[in-house]
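J.: So I've got this file, run-v3.txt, and it contains compact mmCIF, C-alpha atoms:
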# COMPACT_ATOMS: atom_id res chain seq x y z
CA MET A 1 -10.60 -14.33 0.75
CA ASN A 2 -13.44 -15.91 -1.16
CA LYS A 3 -12.71 -16.38 -4.82
CA LEU A 4 -15.21 -16.93 -7.57
CA ARG A 5 -14.34 -17.84 -11.13
CA ILE A 6 -16.85 -16.54 -13.61
CA GLY A 7 -17.13 -17.94 -17.11
CA ILE A 8 -19.17 -15.71 -19.37
CA SER A 9 -20.42 -15.65 -22.91
CA ALA A 10 -22.70 -12.82 -23.89
CA SER A 11 -24.31 -11.71 -27.10
CA GLY A 12 -26.59 -8.83 -28.04
CA ASP A 13 -26.11 -5.17 -28.63
CA GLY A 14 -23.69 -2.89 -26.75
CA GLY A 15 -26.19 -1.86 -24.12
CA GLU A 16 -27.08 -5.40 -23.17
CA LEU A 17 -23.44 -6.41 -23.04
CA ASP A 18 -22.62 -3.47 -20.80
CA ALA A 19 -25.43 -4.43 -18.45
CA VAL A 20 -24.09 -7.98 -18.17
CA LYS A 21 -20.56 -6.69 -17.58
CA SER A 22 -21.81 -4.37 -14.89
CA GLU A 23 -23.62 -7.23 -13.18
CA ILE A 24 -20.50 -9.38 -13.28
CA ARG A 25 -18.49 -6.54 -11.84
CA GLU A 26 -20.97 -6.36 -8.97
CA ILE A 27 -20.69 -10.11 -8.36
CA ARG A 28 -16.90 -9.81 -8.40
CA TYR A 29 -17.04 -7.05 -5.83
CA VAL A 30 -19.14 -9.08 -3.45
CA PHE A 31 -17.17 -12.29 -3.72
CA ASN A 32 -13.68 -10.84 -3.78
CA GLU A 33 -14.23 -8.91 -0.60
CA LYS A 34 -12.56 -10.13 2.53
CA SER A 35 -13.63 -7.03 4.40
CA SER A 36 -17.03 -5.95 5.57
CA ILE A 37 -16.91 -2.87 3.32
CA THR A 38 -17.44 -3.51 -0.38
CA SER A 39 -15.43 -1.80 -3.10
CA MET A 40 -18.60 -0.03 -4.13
CA GLN A 41 -19.04 1.39 -0.64
CA ARG A 42 -15.43 2.55 -0.80
CA GLU A 43 -15.97 4.20 -4.14
CA SER A 44 -18.96 6.00 -2.73
CA LEU A 45 -16.94 7.21 0.30
CA PHE A 46 -14.08 8.39 -1.94
CA GLY A 47 -16.38 9.77 -4.61
CA HIS A 48 -14.34 8.25 -7.45
CA LYS A 49 -13.09 4.97 -8.86
CA ALA A 50 -9.71 3.43 -8.12
CA ALA A 51 -7.07 3.01 -10.83
CA THR A 52 -3.37 2.43 -11.34
CA ILE A 53 -1.75 4.81 -13.80
CA TRP A 54 1.40 2.92 -14.76
CA LEU A 55 4.08 5.20 -16.27
CA THR A 56 6.85 3.31 -18.06
CA GLY A 57 9.83 4.80 -19.88
CA LEU A 58 13.56 5.52 -19.82
CA SER A 59 15.23 7.47 -17.04
CA GLY A 60 14.76 11.10 -18.06
CA SER A 61 11.68 10.48 -20.20
CA GLY A 62 9.56 12.58 -17.83
CA LYS A 63 7.76 10.01 -15.64
CA SER A 64 8.34 11.74 -12.28
CA THR A 65 7.56 15.23 -13.57
CA ILE A 66 4.32 14.05 -15.13
CA ALA A 67 3.45 11.99 -12.03
CA LYS A 68 3.75 15.04 -9.76
CA LEU A 69 1.77 17.29 -12.08
CA LEU A 70 -0.92 14.64 -12.38
CA GLU A 71 -1.02 14.22 -8.60
CA THR A 72 -1.63 17.94 -8.15
CA LYS A 73 -4.33 18.00 -10.84
CA LEU A 74 -6.10 15.00 -9.27
CA TYR A 75 -5.88 16.61 -5.84
CA LYS A 76 -7.56 19.74 -7.18
CA LYS A 77 -10.39 17.55 -8.47
CA GLY A 78 -10.75 15.95 -5.01
CA ILE A 79 -9.33 12.64 -6.23
CA HIS A 80 -7.22 10.74 -3.69
CA SER A 81 -4.04 9.63 -5.41
CA TYR A 82 -0.61 8.43 -4.38
CA ILE A 83 2.69 8.18 -6.23
CA LEU A 84 4.66 4.95 -6.03
CA ASP A 85 8.17 5.38 -7.39
CA GLY A 86 11.77 4.40 -6.84
CA ASP A 87 12.13 6.99 -4.08
CA ASN A 88 9.55 5.55 -1.71
CA LEU A 89 9.87 1.91 -2.76
CA ARG A 90 13.61 1.38 -3.16
CA ASN A 91 14.24 3.08 0.20
CA GLY A 92 11.62 1.05 2.03
CA LEU A 93 9.72 -2.05 0.95
CA ASN A 94 12.21 -2.95 -1.78
CA SER A 95 15.41 -1.88 -0.04
CA ASP A 96 16.58 -5.52 -0.20
CA LEU A 97 16.49 -5.55 -4.02
CA GLY A 98 19.13 -4.58 -6.59
CA PHE A 99 18.95 -4.06 -10.35
CA SER A 100 19.56 -7.53 -11.76
CA PRO A 101 16.79 -8.74 -14.12
CA LYS A 102 15.54 -11.04 -11.31
CA ASP A 103 15.48 -8.21 -8.74
CA ARG A 104 13.87 -5.81 -11.24
CA CYS A 105 11.17 -8.42 -11.78
CA GLU A 106 10.58 -8.81 -8.02
CA ASN A 107 10.63 -4.99 -7.65
CA ILE A 108 7.82 -4.63 -10.19
CA ARG A 109 5.88 -7.57 -8.74
CA ARG A 110 5.87 -5.97 -5.27
CA VAL A 111 4.95 -2.55 -6.67
CA ALA A 112 2.01 -4.16 -8.49
CA GLU A 113 0.89 -5.95 -5.33
CA VAL A 114 1.02 -2.70 -3.35
CA ALA A 115 -0.85 -0.86 -6.12
CA LYS A 116 -3.51 -3.58 -6.04
CA LEU A 117 -3.94 -3.20 -2.27
CA MET A 118 -4.14 0.59 -2.63
CA ASN A 119 -6.70 0.28 -5.45
CA ASP A 120 -8.64 -2.11 -3.25
CA ALA A 121 -8.52 0.57 -0.54
CA GLY A 122 -10.00 3.03 -3.05
CA LEU A 123 -6.95 5.09 -4.07
CA VAL A 124 -5.76 6.14 -7.50
CA VAL A 125 -2.13 4.98 -7.73
CA ILE A 126 0.40 6.70 -9.98
CA ALA A 127 3.26 4.23 -10.49
CA ALA A 128 6.38 5.72 -12.08
CA PHE A 129 8.95 3.03 -12.85
CA VAL A 130 11.28 2.41 -15.79
CA SER A 131 9.79 -1.14 -15.86
CA PRO A 132 11.73 -2.07 -19.01
CA TYR A 133 10.48 -5.65 -19.48
CA GLU A 134 7.21 -6.41 -21.24
CA LYS A 135 6.67 -9.57 -19.18
CA ASP A 136 7.01 -7.66 -15.90
CA ARG A 137 4.49 -5.03 -17.04
CA GLU A 138 2.20 -7.84 -18.20
CA ASN A 139 2.54 -9.44 -14.77
CA ALA A 140 1.65 -6.10 -13.17
CA ARG A 141 -1.44 -5.94 -15.36
CA LEU A 142 -2.41 -9.46 -14.29
CA ILE A 143 -1.96 -8.65 -10.60
CA ILE A 144 -3.73 -5.28 -10.71
CA GLY A 145 -6.52 -6.30 -13.09
CA ASN A 146 -8.96 -3.92 -14.78
CA GLU A 147 -7.67 -0.91 -12.87
CA PHE A 148 -4.31 -1.08 -14.71
CA ILE A 149 -3.70 1.71 -17.24
CA GLU A 150 -0.39 1.53 -19.12
CA ILE A 151 1.16 4.81 -20.21
CA TYR A 152 4.28 4.87 -22.35
CA VAL A 153 6.36 7.94 -21.54
CA ASP A 154 8.42 8.19 -24.68
CA ALA A 155 11.56 10.20 -25.37
CA SER A 156 14.65 9.27 -27.36
CA ILE A 157 17.69 8.07 -25.51
CA GLU A 158 19.60 11.15 -26.80
CA VAL A 159 17.09 13.54 -25.23
CA CYS A 160 16.94 11.53 -21.99
CA ARG A 161 20.73 11.63 -21.81
CA LYS A 162 20.70 15.40 -22.22
CA ARG A 163 18.02 15.87 -19.56
CA ASP A 164 19.69 13.37 -17.16
CA PRO A 165 17.71 14.58 -14.10
CA LYS A 166 19.30 12.02 -11.76
CA GLY A 167 22.77 12.21 -13.28
CA LEU A 168 22.55 8.51 -14.14
CA TYR A 169 23.82 8.84 -17.71
CA ALA A 170 26.78 10.93 -16.59
CA LYS A 171 27.65 8.37 -13.91
CA PHE A 172 27.29 5.53 -16.39
CA TYR A 173 29.66 7.15 -18.91
CA ALA A 174 32.08 7.90 -16.09
CA GLY A 175 32.17 4.13 -15.55
CA ALA A 176 30.42 4.17 -12.17
CA PHE A 177 28.06 1.31 -12.98
CA THR A 178 26.73 -0.91 -15.77
CA GLY A 179 23.21 -2.00 -16.71
CA LEU A 180 21.62 1.34 -17.62
CA THR A 181 18.28 0.85 -19.35
CA GLY A 182 18.40 2.01 -22.97
CA ILE A 183 22.20 1.92 -23.11
CA ASP A 184 23.57 -1.48 -22.14
CA ALA A 185 20.34 -2.91 -20.71
CA PRO A 186 17.19 -3.43 -22.80
CA TYR A 187 14.02 -1.35 -22.82
CA GLU A 188 11.14 -3.22 -24.40
CA ILE A 189 8.77 -0.70 -25.97
CA PRO A 190 5.11 -1.18 -24.94
CA GLU A 191 3.21 -2.59 -27.90
CA LYS A 192 -0.27 -1.40 -27.04
CA PRO A 193 -0.12 1.17 -24.26
CA ASP A 194 -3.40 2.81 -23.23
CA LEU A 195 -1.70 6.14 -23.88
CA HIS A 196 1.51 7.09 -25.69
CA LEU A 197 3.08 10.35 -24.52
CA MET A 198 5.73 11.87 -26.79
CA THR A 199 7.47 14.09 -24.26
CA GLU A 200 9.77 15.65 -26.86
CA ASN A 201 6.77 17.17 -28.61
CA GLU A 202 4.51 18.06 -25.71
CA THR A 203 5.00 19.73 -22.35
CA ALA A 204 4.72 17.74 -19.12
CA GLU A 205 1.66 19.88 -18.41
CA GLU A 206 0.05 18.70 -21.65
CA SER A 207 0.99 15.07 -20.93
CA ALA A 208 -0.60 15.24 -17.48
CA GLU A 209 -3.76 16.76 -18.99
CA ARG A 210 -3.96 13.92 -21.51
CA ILE A 211 -3.86 11.39 -18.66
CA LEU A 212 -6.47 13.37 -16.77
CA ASP A 213 -8.74 13.10 -19.80
CA LEU A 214 -8.87 9.35 -19.18
CA PHE A 215 -10.79 9.93 -15.92
CA MET B 1 13.08 12.05 -0.46
CA ASN B 2 14.51 15.03 1.38
CA LYS B 3 15.26 14.40 5.02
CA LEU B 4 15.73 16.97 7.73
CA ARG B 5 16.92 16.21 11.24
CA ILE B 6 15.55 18.61 13.79
CA GLY B 7 17.11 19.05 17.21
CA ILE B 8 14.80 20.86 19.60
CA SER B 9 14.80 22.09 23.14
CA ALA B 10 11.78 23.99 24.32
CA SER B 11 10.71 25.48 27.59
CA GLY B 12 7.67 27.40 28.75
CA ASP B 13 4.11 26.49 29.56
CA GLY B 14 2.04 23.83 27.80
CA GLY B 15 0.56 26.21 25.25
CA GLU B 16 3.92 27.52 24.08
CA LEU B 17 5.33 24.01 23.87
CA ASP B 18 2.36 22.86 21.82
CA ALA B 19 2.85 25.75 19.42
CA VAL B 20 6.51 24.83 18.93
CA LYS B 21 5.63 21.17 18.40
CA SER B 22 3.01 22.14 15.88
CA GLU B 23 5.51 24.26 14.00
CA ILE B 24 8.04 21.41 13.95
CA ARG B 25 5.35 19.07 12.69
CA GLU B 26 4.73 21.49 9.85
CA ILE B 27 8.44 21.66 8.99
CA ARG B 28 8.64 17.86 9.04
CA TYR B 29 5.72 17.64 6.64
CA VAL B 30 7.26 19.99 4.18
CA PHE B 31 10.71 18.41 4.17
CA ASN B 32 9.66 14.76 4.26
CA GLU B 33 7.51 15.13 1.20
CA LYS B 34 8.70 13.69 -2.05
CA SER B 35 5.39 14.50 -3.69
CA SER B 36 3.89 17.83 -4.57
CA ILE B 37 1.01 17.27 -2.14
CA THR B 38 1.85 17.67 1.54
CA SER B 39 0.57 15.33 4.24
CA MET B 40 -1.43 18.23 5.60
CA GLN B 41 -3.13 18.70 2.24
CA ARG B 42 -3.90 14.99 2.21
CA GLU B 43 -5.34 15.15 5.73
CA SER B 44 -7.51 18.02 4.66
CA LEU B 45 -8.76 16.10 1.58
CA PHE B 46 -9.48 13.00 3.67
CA GLY B 47 -10.85 14.96 6.62
CA HIS B 48 -8.93 12.87 9.16
CA LYS B 49 -5.46 11.84 10.23
CA ALA B 50 -3.69 8.67 9.11
CA ALA B 51 -2.83 5.89 11.57
CA THR B 52 -1.87 2.22 11.75
CA ILE B 53 -3.91 0.23 14.24
CA TRP B 54 -1.69 -2.81 14.79
CA LEU B 55 -3.60 -5.78 16.27
CA THR B 56 -1.32 -8.48 17.69
CA GLY B 57 -2.39 -11.72 19.40
CA LEU B 58 -2.79 -15.48 19.07
CA SER B 59 -4.80 -17.11 16.32
CA GLY B 60 -8.38 -17.07 17.63
CA SER B 61 -7.83 -14.10 19.95
CA GLY B 62 -10.30 -12.01 17.93
CA LYS B 63 -8.09 -9.84 15.69
CA SER B 64 -10.02 -10.32 12.44
CA THR B 65 -13.45 -9.98 14.03
CA ILE B 66 -12.44 -6.77 15.77
CA ALA B 67 -10.72 -5.48 12.60
CA LYS B 68 -13.89 -5.90 10.53
CA LEU B 69 -16.12 -4.32 13.16
CA LEU B 70 -13.70 -1.42 13.48
CA GLU B 71 -13.58 -1.00 9.69
CA THR B 72 -17.37 -0.71 9.57
CA LYS B 73 -17.46 1.77 12.45
CA LEU B 74 -14.76 3.91 10.81
CA TYR B 75 -16.61 3.79 7.49
CA LYS B 76 -19.76 5.07 9.19
CA LYS B 77 -17.74 7.99 10.53
CA GLY B 78 -16.45 8.74 7.02
CA ILE B 79 -12.93 7.57 7.87
CA HIS B 80 -11.06 5.84 5.04
CA SER B 81 -9.55 2.64 6.43
CA TYR B 82 -8.14 -0.57 5.04
CA ILE B 83 -7.46 -3.96 6.61
CA LEU B 84 -4.09 -5.60 6.02
CA ASP B 85 -4.10 -9.22 7.14
CA GLY B 86 -2.84 -12.65 6.23
CA ASP B 87 -5.60 -13.07 3.65
CA ASN B 88 -4.60 -10.20 1.40
CA LEU B 89 -0.84 -10.24 2.15
CA ARG B 90 0.02 -13.94 2.21
CA ASN B 91 -1.88 -14.49 -1.07
CA GLY B 92 -0.23 -11.56 -2.81
CA LEU B 93 2.77 -9.46 -1.82
CA ASN B 94 4.08 -12.05 0.65
CA SER B 95 3.18 -15.20 -1.27
CA ASP B 96 6.89 -16.02 -1.46
CA LEU B 97 7.22 -16.22 2.33
CA GLY B 98 6.69 -19.10 4.75
CA PHE B 99 6.45 -19.26 8.54
CA SER B 100 10.07 -19.63 9.65
CA PRO B 101 11.20 -16.94 12.13
CA LYS B 102 13.15 -15.29 9.28
CA ASP B 103 10.15 -15.31 6.92
CA ARG B 104 7.81 -14.12 9.70
CA CYS B 105 10.21 -11.23 10.28
CA GLU B 106 10.24 -10.33 6.55
CA ASN B 107 6.44 -10.71 6.45
CA ILE B 108 6.02 -8.15 9.23
CA ARG B 109 8.65 -5.83 7.73
CA ARG B 110 6.81 -5.73 4.40
CA VAL B 111 3.44 -5.23 6.11
CA ALA B 112 4.91 -2.30 8.02
CA GLU B 113 6.36 -0.78 4.83
CA VAL B 114 2.98 -1.07 3.09
CA ALA B 115 1.21 0.41 6.13
CA LYS B 116 3.67 3.31 6.06
CA LEU B 117 2.94 3.99 2.38
CA MET B 118 -0.80 3.79 3.02
CA ASN B 119 -0.49 6.15 6.00
CA ASP B 120 1.53 8.47 3.80
CA ALA B 121 -1.33 8.30 1.30
CA GLY B 122 -3.71 9.36 4.09
CA LEU B 123 -5.40 6.07 5.00
CA VAL B 124 -6.07 4.53 8.39
CA VAL B 125 -4.59 1.02 8.26
CA ILE B 126 -5.89 -1.81 10.41
CA ALA B 127 -3.14 -4.46 10.52
CA ALA B 128 -4.22 -7.81 11.96
CA PHE B 129 -1.27 -10.16 12.34
CA VAL B 130 -0.21 -12.63 15.03
CA SER B 131 3.17 -10.83 14.95
CA PRO B 132 4.52 -12.89 17.86
CA TYR B 133 7.99 -11.36 18.18
CA GLU B 134 8.60 -8.16 20.13
CA LYS B 135 11.54 -7.19 17.90
CA ASP B 136 9.41 -7.46 14.75
CA ARG B 137 6.66 -5.29 16.27
CA GLU B 138 9.33 -2.85 17.41
CA ASN B 139 10.70 -2.78 13.86
CA ALA B 140 7.17 -2.10 12.56
CA ARG B 141 6.91 0.82 15.00
CA LEU B 142 10.24 2.19 13.77
CA ILE B 143 9.19 1.91 10.12
CA ILE B 144 5.71 3.36 10.61
CA GLY B 145 6.63 6.04 13.11
CA ASN B 146 4.20 8.13 15.16
CA GLU B 147 1.17 6.70 13.37
CA PHE B 148 1.78 3.25 14.92
CA ILE B 149 -0.73 2.19 17.60
CA GLU B 150 -0.11 -1.22 19.18
CA ILE B 151 -3.15 -3.13 20.38
CA TYR B 152 -2.77 -6.38 22.27
CA VAL B 153 -5.70 -8.67 21.52
CA ASP B 154 -5.52 -10.96 24.51
CA ALA B 155 -7.20 -14.32 25.08
CA SER B 156 -5.85 -17.45 26.77
CA ILE B 157 -4.52 -20.23 24.59
CA GLU B 158 -7.31 -22.51 25.93
CA VAL B 159 -10.02 -20.13 24.75
CA CYS B 160 -8.30 -19.56 21.40
CA ARG B 161 -8.07 -23.32 20.92
CA LYS B 162 -11.81 -23.68 21.61
CA ARG B 163 -12.70 -20.85 19.19
CA ASP B 164 -10.27 -22.11 16.51
CA PRO B 165 -11.86 -20.02 13.71
CA LYS B 166 -9.38 -21.20 11.08
CA GLY B 167 -9.14 -24.77 12.31
CA LEU B 168 -5.42 -24.29 12.93
CA TYR B 169 -5.36 -25.82 16.40
CA ALA B 170 -7.28 -28.89 15.21
CA LYS B 171 -4.87 -29.31 12.28
CA PHE B 172 -1.89 -28.86 14.58
CA TYR B 173 -3.09 -31.55 17.01
CA ALA B 174 -3.84 -33.82 14.06
CA GLY B 175 -0.13 -33.50 13.25
CA ALA B 176 -0.59 -31.54 10.02
CA PHE B 177 2.12 -28.97 10.82
CA THR B 178 4.42 -27.65 13.54
CA GLY B 179 5.28 -24.13 14.66
CA LEU B 180 1.89 -22.94 15.94
CA THR B 181 2.23 -19.71 17.90
CA GLY B 182 1.34 -20.17 21.56
CA ILE B 183 1.79 -23.97 21.40
CA ASP B 184 5.22 -24.93 20.09
CA ALA B 185 6.24 -21.47 18.82
CA PRO B 186 6.63 -18.48 21.12
CA TYR B 187 4.29 -15.52 21.52
CA GLU B 188 6.02 -12.60 23.19
CA ILE B 189 3.43 -10.60 25.12
CA PRO B 190 3.50 -6.84 24.35
CA GLU B 191 4.98 -5.05 27.33
CA LYS B 192 3.44 -1.63 26.86
CA PRO B 193 0.67 -1.80 24.26
CA ASP B 194 -1.31 1.37 23.60
CA LEU B 195 -4.44 -0.67 24.36
CA HIS B 196 -4.94 -4.09 25.96
CA LEU B 197 -8.14 -5.85 24.92
CA MET B 198 -9.24 -8.80 27.08
CA THR B 199 -11.49 -10.54 24.59
CA GLU B 200 -12.64 -13.16 27.11
CA ASN B 201 -14.27 -10.45 29.22
CA GLU B 202 -15.57 -8.06 26.54
CA THR B 203 -17.46 -8.48 23.29
CA ALA B 204 -15.75 -7.78 19.96
CA GLU B 205 -18.19 -4.89 19.64
CA GLU B 206 -16.91 -3.42 22.92
CA SER B 207 -13.29 -3.96 21.87
CA ALA B 208 -13.86 -2.15 18.57
CA GLU B 209 -15.53 0.72 20.42
CA ARG B 210 -12.52 1.00 22.74
CA ILE B 211 -10.23 1.35 19.71
CA LEU B 212 -12.58 3.90 18.19
CA ASP B 213 -12.26 5.97 21.36
CA LEU B 214 -8.58 6.48 20.49
CA PHE B 215 -9.60 8.55 17.46
For the structure just supplied, provide its representation as structure tokens.

T.:
Amino acid sequence: MNKLRIGISASGDGGELDAVKSEIREIRYVFNEKSSITSMQRESLFGHKAATIWLTGLSGSGKSTIAKLLETKLYKKGIHSYILDGDNLRNGLNSDLGFSPKDRCENIRRVAEVAKLMNDAGLVVIAAFVSPYEKDRENARLIIGNEFIEIYVDASIEVCRKRDPKGLYAKFYAGAFTGLTGIDAPYEIPEKPDLHLMTENETAEESAERILDLF
Amino acid sequence: MNKLRIGISASGDGGELDAVKSEIREIRYVFNEKSSITSMQRESLFGHKAATIWLTGLSGSGKSTIAKLLETKLYKKGIHSYILDGDNLRNGLNSDLGFSPKDRCENIRRVAEVAKLMNDAGLVVIAAFVSPYEKDRENARLIIGNEFIEIYVDASIEVCRKRDPKGLYAKFYAGAFTGLTGIDAPYEIPEKPDLHLMTENETAEESAERILDLF
């Protein structure tokens, strides 16, 4: 892969700056490409831009529900998307990883690398992972680049415990395991997410629509 | 992910059998889906089926050249494809892996898992890897399933050494490293590839066309 580092300083009004940014983006496309098809050609074949919608939040906050609703809404708009979540990652690519901080970090790193490849292929990725550590999410942002959109799926631990869609909280309190995020393992709240969804005060349908508005 | 095992015995003429197979395929789609969009819906959005074209062969056999030509040809037909190769995997997802037999095995496993996800998302994957071990390719086939198409990109070690597109043979003979496939590390020839390309007797253009004929 050819790599090109671009240093840029630009002044002028918004329009001029946008034009420069657009030109740089074009240069990046050309030089980052290892394949014979450019990202712009891909975009034109797909009819839309690539992105990674990164949903972070406690178990039970609503990530999976929102991800599926969003997927259906994107499909109806002819946008090619794909959900990456614990179900298809932990059973396959990341089946060798556990839930220690080190393994959680490697889990998120691999997810981000796969999302990057899928973005490069032209897809919109919906990544639904607890991803409790700020530094891991920051690493994902670094790997994925401009396509990364961080969405904080927010619900109180009390509400998540009541919802308990995977029965994790029940199992935890029955003593089946330790290290449950939000209880005895930390969840670091995103400081500046691109979108903050308060799932106690809005329906999953409304949350998905708010994400869709970003497109 | 819901899984359903289907036992089937069918008799009758070809047409009846095909109808039964088609029905089973439909059942498999519905039950394998973790997402709200079925594989059939994806196929209909993309306008084509997913597949993994797995190119195996020595360094210099022509894998990358053929992969790029194929990618362009698929693009012209409106087929969404993506190349997975050492360039985008070894620099990203698999940057933690070396070239020991164990690491080569893990490299191929991860590639196969990514290809499977991309197939699931509806893409045609072109995987170009030396992938010298039969058991690793067999594992890739198991992971990827029916979408896996094995293509043996065949050229003699003498010709590959002359081509030496990455300068690997030169570096090896200059003593820079050991473990070069085909020289002091084994290459296990595919026994029953879906396609056998003899790149000494056909142009890369012809090879790519032969793969295209499989679609």

J.: Considering only C-alpha atoms, tabulate each residue of chain A that lies at most 6 Å from chain B along with its nearest interatomic pair and the corresponding distance in Å to one decimal; arrange the rows by chain and ascending residue number and present them as CSV.

T.:
residue,atom,partner,partner_atom,distance
A:Met1,CA,B:Asp87,CA,5.9
A:Ser36,CA,B:Lys68,CA,5.9
A:Lys68,CA,B:Ser36,CA,5.9
A:Tyr82,CA,B:Ala121,CA,5.7
A:Leu93,CA,B:Glu113,CA,5.3
A:Arg110,CA,B:Leu93,CA,5.8
A:Glu113,CA,B:Leu93,CA,5.3
A:Ala121,CA,B:Tyr82,CA,5.7

J.: Would you pick out the contacts of Glu134 (chain B) at 12 Å or less, using all atoms listed in the file, so that residues sharing its chain but fewer than 4 positions from it are not included, and give the list as a PyMOL selection string?

T.: chain B and resi 56-57+105+108+130+138-141+150+152+186-193

J.: Would you compute the distance between CA of Lys102 (chain A) and CA of Thr181 (chain A)? Give it in Å to one decimal.

T.: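 Those two atoms sit 14.6 Å apart.
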
J.: When you draw a straight line from CA of Ala170 (chain B) to CA of Glu206 (chain B), how long is it in Å?

T.: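 Rounded to one decimal, the two atoms are 28.3 Å apart.
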
J.: What does the structure give for the distance between CA of His48 (chain A) and CA of Ile66 (chain B), in Å to one decimal?

T.: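 A separation of 27.7 Å between them.
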
J.: My list of candidates is B:Arg210, B:His196, B:Lys77, B:Lys49. Which is closest to Val153 (chain B) when distances are computed with only C-alpha atoms?

T.: B:His196

J.: Select, from B:Phe148, B:Tyr133, B:Phe215, B:Phe177, the residue with the minimum atom-to-atom distance to Asn119 (chain B), counting only C-alpha atoms.

T.: B:Phe148

J.: Got a sec: who's within 7 Å of Thr199 (chain A), counting all atoms listed in the file, leaving out chain neighbours fewer than 5 positions off, as a list in words?

T.: Ser61, Gly62, Val153, Asp154, Ala155 and Ala204 of chain A

J.: Deliver the residues from the most recent selection as a file, using C-alpha atoms, as a PDB file, keeping the file's coordinate frame.

T.:
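Listing of result_23.pdb after writing:
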ATOM      1  CA  SER A  61      11.680  10.480 -20.200  1.00  0.00           C
ATOM      2  CA  GLY A  62       9.560  12.580 -17.830  1.00  0.00           C
ATOM      3  CA  VAL A 153       6.360   7.940 -21.540  1.00  0.00           C
ATOM      4  CA  ASP A 154       8.420   8.190 -24.680  1.00  0.00           C
ATOM      5  CA  ALA A 155      11.560  10.200 -25.370  1.00  0.00           C
ATOM      6  CA  ALA A 204       4.720  17.740 -19.120  1.00  0.00           C
TER       7      ALA A 204
END

J.: Around all of region 56-63 of chain A's listed atoms, make the axis-aligned box with 3 Å on each side and tell me centre and edge lengths in Å to one decimal, as JSON.

T.:
{"center_x": 11.0, "center_y": 7.9, "center_z": -17.9, "size_x": 14.4, "size_y": 15.3, "size_z": 10.6}
